[in-house]
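S.K.: Below you'll find the structure I mean.
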Amino acid sequence: MGSVSTKDIIVEVAGRLFSRYGFHKTSMDEIARTARKAKGSLYYHFASKEELFREVIFKEFESFKNQLEIITTDTRLSAFEKIKHYLLKRMEILNTATNYHETLQADFFEKFHFVDQLRNDLTKWEKEKLHAMILQGIAKGEIKLNEHIDVLLDMLLMVLKGLEIPFFLQKQYNNYAPYFEGLIDILNKGIST
C-alpha cells in the first residue's frame, strides 16, 4: 500500500473539519494543527482556504460518482432496477455529504463560483449516466420513451436538486426516506411499456 501524500492528508483533515464546523468556522490554522503539518505546507498545496474547500468538494463528488458508477455498470440489473438503485443510493450518499450541504447555502453561490461549476459538472455526469440507463431500457423493451429524453432528464434532475435543500439543509431526509422507493416506483411505471 502506497504512502499517503501530505496533500491527501490535508484534504482528508480539512474535509472532516469542514464537515464538523462548517467552512466559515474552520481556520487554516486549525487544519494545519489537526493535520500535524506546518501552515506553510497547506499554502504550498492550496493558495487559500477556498481552494482547499474546492478540493474537498471535488473529492466528495468523485466519491459520489464512484459509488453510483457501481450501480450504472451492474449488468445483472434491469434498467428499472438500475434507475431505482441509483436514485435511492444518490439520496443516501447526499444525506451524509455534509460539505456538499454547505455548498447549498446561498452565500456560497454568491461568493464562490467554483461551487456552481462543480455542481454543473456533476449534473452533466448524472444526466449522462441516467440517459445511458434509459437507453438500455429502451433497447430491452422495458422503457417506452423515444423522444424528449433529454428534456425529461433535465426535469428529473431539477426535481432532485429541488429536494436537496429541504432534505439536507432543513433535515427532512429521514422523514421522507421511507417513501423514496414508492416515489421511484411511480416514476418507473410512468416510463414502462
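Ligands are numbered from 1 in the order shown, chains are lettered A, B, ... in the order of the C-alpha cells, and residues start at 1 in each chain.
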Which of region 105-159 of chain A counts as helix (DSSP H, G or I) under DSSP, as a PyMOL selection string please?
M.R.: chain A and resi 106-111+113-139+149-159
S.K.: Using only C-alpha atoms, which residues sit within 12 Å of Gly190 (chain A) once same-chain residues fewer than 2 positions away are excluded, as number ranges by chain?
M.R.: A: 80, 142-145, 152, 183-188, 192-193
S.K.: Got a sec: who's within 7 Å of region 100-103 of chain A, counting only C-alpha atoms, leaving out chain neighbours fewer than 5 positions off, as a list in words?
M.R.: Gly22, Ile57, Phe108, Val115, Phe168 and Leu169 of chain A
S.K.: Tell me which of A:Glu12, A:Glu181, A:Glu92, A:Glu164 sits closest to Leu68 (chain A), counting only C-alpha atoms.
M.R.: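 The shortest atom-to-atom distance to Leu68 (chain A) comes from A:Glu92.
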S.K.: With a distance cut-off of 9 Å and only C-alpha atoms, select the neighbouring residues of Val56 (chain A), excluding the residue or stretch itself and same-chain residues fewer than 5 positions from it, and output the selection as a PyMOL selection string.
M.R.: chain A and resi 11-12+14-15+18+51+61+99
S.K.: Include C-alpha atoms and write out the residues we just selected as a PDB file, in the first residue's frame.
M.R.:
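To be explicit, this is the file written out as part-v7.pdb:
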ATOM      1  CA  VAL A  11      -7.613  17.343   2.167  1.00  0.00           C
ATOM      2  CA  GLU A  12      -8.835  14.499   4.382  1.00  0.00           C
ATOM      3  CA  ALA A  14      -9.921  19.632   6.059  1.00  0.00           C
ATOM      4  CA  GLY A  15     -12.919  17.583   4.905  1.00  0.00           C
ATOM      5  CA  PHE A  18     -15.325  21.486   7.339  1.00  0.00           C
ATOM      6  CA  GLU A  51      -9.124  26.438  -2.931  1.00  0.00           C
ATOM      7  CA  PHE A  61     -18.147  14.450  -5.730  1.00  0.00           C
ATOM      8  CA  ASN A  99     -19.563  19.515   2.810  1.00  0.00           C
TER       9      ASN A  99
END
S.K.: Would you mind telling me which residue in A:Glu30, A:Asp74, A:Asp150, A:Glu81 lies nearest to Lys127 (chain A) when using only C-alpha atoms?
M.R.: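 Among the listed residues, the smallest separation from Lys127 (chain A) belongs to A:Asp150.
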S.K.: Figure out the distance between CA of Glu55 (chain A) and CA of Gln170 (chain A), please, to one decimal in Å.
M.R.: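 According to the coordinates, CA of Gln170 (chain A) and CA of Glu55 (chain A) are separated by 25.3 Å.
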S.K.: Using only C-alpha atoms, which of A:Ala35, A:Ala132, A:Asp121, A:Ser41 sits nearest Glu62 (chain A)?
M.R.: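 Ranked by minimum distance to Glu62 (chain A), first place goes to A:Asp121.
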S.K.: With distances taken over only C-alpha atoms, which residue among A:Glu60, A:Ile9, A:Leu52, A:His148 lies nearest Thr98 (chain A)?
M.R.: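 Nearest to Thr98 (chain A): A:Glu60.
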S.K.: Write out as a PyMOL selection string which residues come within 10 Å of Thr34 (chain A) when counting only C-alpha atoms, dropping same-chain ones fewer than 4 positions away.
M.R.: chain A and resi 10+13-14+17+28-30
S.K.: Would you export the selected residues with C-alpha atoms as a tab-separated table (two decimals), in the first residue's frame, please?
M.R.:
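So again-v2.tsv came out as:
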chain	number	residue	atom	x	y	z
A	10	ILE	CA	-4.53	17.94	4.34
A	13	VAL	CA	-8.39	16.51	7.60
A	14	ALA	CA	-9.92	19.63	6.06
A	17	LEU	CA	-13.17	19.78	9.97
A	28	MET	CA	-6.32	27.13	8.12
A	29	ASP	CA	-4.54	27.19	11.50
A	30	GLU	CA	-6.92	24.52	12.83
